[in-house]
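Scroll down for the structure; my scribbles are underneath it.
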Amino acid sequence: MSLRSRGLQAAIQSHSRSPMNVIFHTLASVATAAVLSTQLKEKKPINSITGLTILVIGFTTGILLHGLLDWIPHQYPLPSVLDVVVSLILFSIIFLRAHKWILFACFQGAIFPDLVDLGPAILNRQMQLHLPTAKIFPWHWKEYSGSIYDGSRHWLSIFNHLVVAGMSGCLILKFRQRLLRNLF
């Protein structure tokens with residue numbers, strides 16, 4: 001077994017149950033992109049003032065929704081590796097057919113807080129680096145986080161996950177034709 005494959009296996013094993021679920025942020029970002037895609041006129045290019053404004057709104061909304069999703073009480077129902085893989089597959093499938101820049105901006109906003117606050121610590125742990133770590137976004141601070149680590153309020157967490165998935169699914173279905181050009 002090569003050094004690289006052993007390192008990947010170790011990363012998967014150590015990260016398989018860590019507290020991070022991207023799938024709910026991904027669903028919210030796709031729903032946001034679906035709604036925002038209705039604001040993009042066919043004749044206006046994405047590099048117009050309107051298009052750039054939509055991108056900034058999408059990125060900002062992604063960050064704010066990330067905060068809301070992290071603030072509500074939740075557990076982590078999926079192992080992190082499976083969660084990331086499913087999220088990337090979902091994003092990639094939709095990205096192939098969607099208004100790419102809107103979806104990309106919303107997705108980047110949705111994962112940006114985790115990249116900033118959690119990324120350096122993950123890199124330090126996995127690659128034995130010594131990057132500085134700080135939690136800038138308040139919803140990652142213990143007093144404002146909705147993370148449930150002790151198993152209490154399990155049903156509340158499930159309910160909240162179902163609400164997020166249901167609302168995101170409804171918005172995606174409602175605005176799918178604008179988001180997914182040429183799919184049907």
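To be explicit about the labels: the chains of the structure tokens are called A, B, and onward in the order shown, and within each one the residues are counted from 1, while ligands get numbers from 1 in the order they are shown.
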Using only C-alpha atoms, I'd like a table of the residues in region 102-166 of chain A that come within 9 Å of region 40-60 of chain A; for each, show the closest atom pair and its distance in Å rounded to one decimal, ordered by chain and ascending number, as JSON lines.
{"residue": "A:Ile102", "atom": "CA", "partner": "A:Leu55", "partner_atom": "CA", "distance": 5.7}
{"residue": "A:Leu103", "atom": "CA", "partner": "A:Gly58", "partner_atom": "CA", "distance": 8.0}
{"residue": "A:Phe104", "atom": "CA", "partner": "A:Phe59", "partner_atom": "CA", "distance": 8.5}
{"residue": "A:Ala105", "atom": "CA", "partner": "A:Phe59", "partner_atom": "CA", "distance": 4.9}
{"residue": "A:Cys106", "atom": "CA", "partner": "A:Gly58", "partner_atom": "CA", "distance": 4.6}
{"residue": "A:Phe107", "atom": "CA", "partner": "A:Phe59", "partner_atom": "CA", "distance": 7.4}
{"residue": "A:Gln108", "atom": "CA", "partner": "A:Phe59", "partner_atom": "CA", "distance": 6.4}
{"residue": "A:Gly109", "atom": "CA", "partner": "A:Phe59", "partner_atom": "CA", "distance": 4.2}
{"residue": "A:Ala110", "atom": "CA", "partner": "A:Phe59", "partner_atom": "CA", "distance": 7.3}
{"residue": "A:Phe112", "atom": "CA", "partner": "A:Phe59", "partner_atom": "CA", "distance": 8.9}
- Query: Just asking: which residues within region 113-175 of chain A are helix (DSSP H, G or I) according to DSSP, as a PyMOL selection string?
  - Reply: chain A and resi 113-117+119-127+138-140+142-144+154-174
- Item | Distance criterion (only C-alpha atoms): nearest to Arg97 (chain A) out of A:Leu123, A:Pro79, A:Ala28, A:Ala34 |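 Looking only at the distances to Arg97 (chain A), the closest residue turns out to be A:Ala34.
Excluding Ala165 (chain A) itself and same-chain residues fewer than 2 positions from it, the residues having an atom within 12 Å of it are Ile23, Phe24, His25, Thr26, Leu27, Ala28, Ser29, Val30, Ala31, Leu69, Ile158, Phe159, Asn160, His161, Leu162, Val163, Met167, Ser168, Gly169, Cys170, Leu171, Ile172 and Leu173 of chain A, counting only C-alpha atoms.
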- Task: Find the residues around Gly67 (chain A) up to 9 Å (only C-alpha atoms counted), leave out those fewer than 4 positions away in its own chain, and share them as a PyMOL selection string.
- Result: chain A and resi 62-63+71-72+110+113+137-140+145
Could you save the residues just selected, with C-alpha atoms, as a PDB file, in the first residue's frame?
ATOM      1  CA  GLY A  62     -25.085  31.271   1.422  1.00  0.00           C
ATOM      2  CA  ILE A  63     -23.088  32.624   4.362  1.00  0.00           C
ATOM      3  CA  TRP A  71     -27.525  27.879  14.881  1.00  0.00           C
ATOM      4  CA  ILE A  72     -30.602  25.618  14.914  1.00  0.00           C
ATOM      5  CA  ALA A 110     -22.570  28.108   1.986  1.00  0.00           C
ATOM      6  CA  PRO A 113     -17.595  29.762   6.938  1.00  0.00           C
ATOM      7  CA  PHE A 137     -18.067  33.169  12.478  1.00  0.00           C
ATOM      8  CA  PRO A 138     -20.114  33.306  15.709  1.00  0.00           C
ATOM      9  CA  TRP A 139     -22.242  30.256  14.888  1.00  0.00           C
ATOM     10  CA  HIS A 140     -19.093  28.165  15.285  1.00  0.00           C
ATOM     11  CA  SER A 145     -23.789  26.763  17.923  1.00  0.00           C
TER      12      SER A 145
END
- Message: List the spatial neighbours of Ala121 (chain A) as a PyMOL selection string - criterion: any atom at most 9 Å away, only C-alpha atoms, same-chain residues fewer than 6 positions off excluded.
- Response: chain A and resi 129-134
- Item | Gap from CA of Phe91 (chain A) to CA of Asn21 (chain A) - Å, one decimal | 14.4 Å
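Between CA of Pro77 (chain A) and CA of Leu180 (chain A) there is a distance of 28.7 Å.
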- Message: With only C-alpha atoms as the counted atoms, please give the residues lying no more than 12 Å from Ser152 (chain A), apart from itself and same-chain residues fewer than 6 positions off, as a list in words.
- Response: Pro73, His74, Gln75, Gly146 and Ile158 of chain A
Suppose we keep N, CA and C atoms; can you now write the selection as a PDB file, in the first residue's frame?
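Dumped everything to part_27.pdb:
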ATOM      1  N   PRO A  73     -30.753  23.736  16.483  1.00  0.00           N
ATOM      2  CA  PRO A  73     -30.278  22.480  17.087  1.00  0.00           C
ATOM      3  C   PRO A  73     -30.163  21.364  16.049  1.00  0.00           C
ATOM      4  N   HIS A  74     -28.997  20.719  16.033  1.00  0.00           N
ATOM      5  CA  HIS A  74     -28.772  19.643  15.064  1.00  0.00           C
ATOM      6  C   HIS A  74     -27.679  18.690  15.537  1.00  0.00           C
ATOM      7  N   GLN A  75     -27.821  17.451  15.075  1.00  0.00           N
ATOM      8  CA  GLN A  75     -26.771  16.454  15.232  1.00  0.00           C
ATOM      9  C   GLN A  75     -26.192  16.217  13.853  1.00  0.00           C
ATOM     10  N   GLY A 146     -25.677  25.368  17.387  1.00  0.00           N
ATOM     11  CA  GLY A 146     -26.785  24.458  17.676  1.00  0.00           C
ATOM     12  C   GLY A 146     -26.363  23.001  17.690  1.00  0.00           C
ATOM     13  N   ILE A 158     -33.710  15.626  14.019  1.00  0.00           N
ATOM     14  CA  ILE A 158     -34.304  14.981  12.832  1.00  0.00           C
ATOM     15  C   ILE A 158     -35.359  15.896  12.220  1.00  0.00           C
TER      16      ILE A 158
END
- Please, what distance in Å, to one decimal, runs between CA of Glu143 (chain A) and CA of Pro120 (chain A)?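 Distance reported for this atom pair: 21.2 Å.
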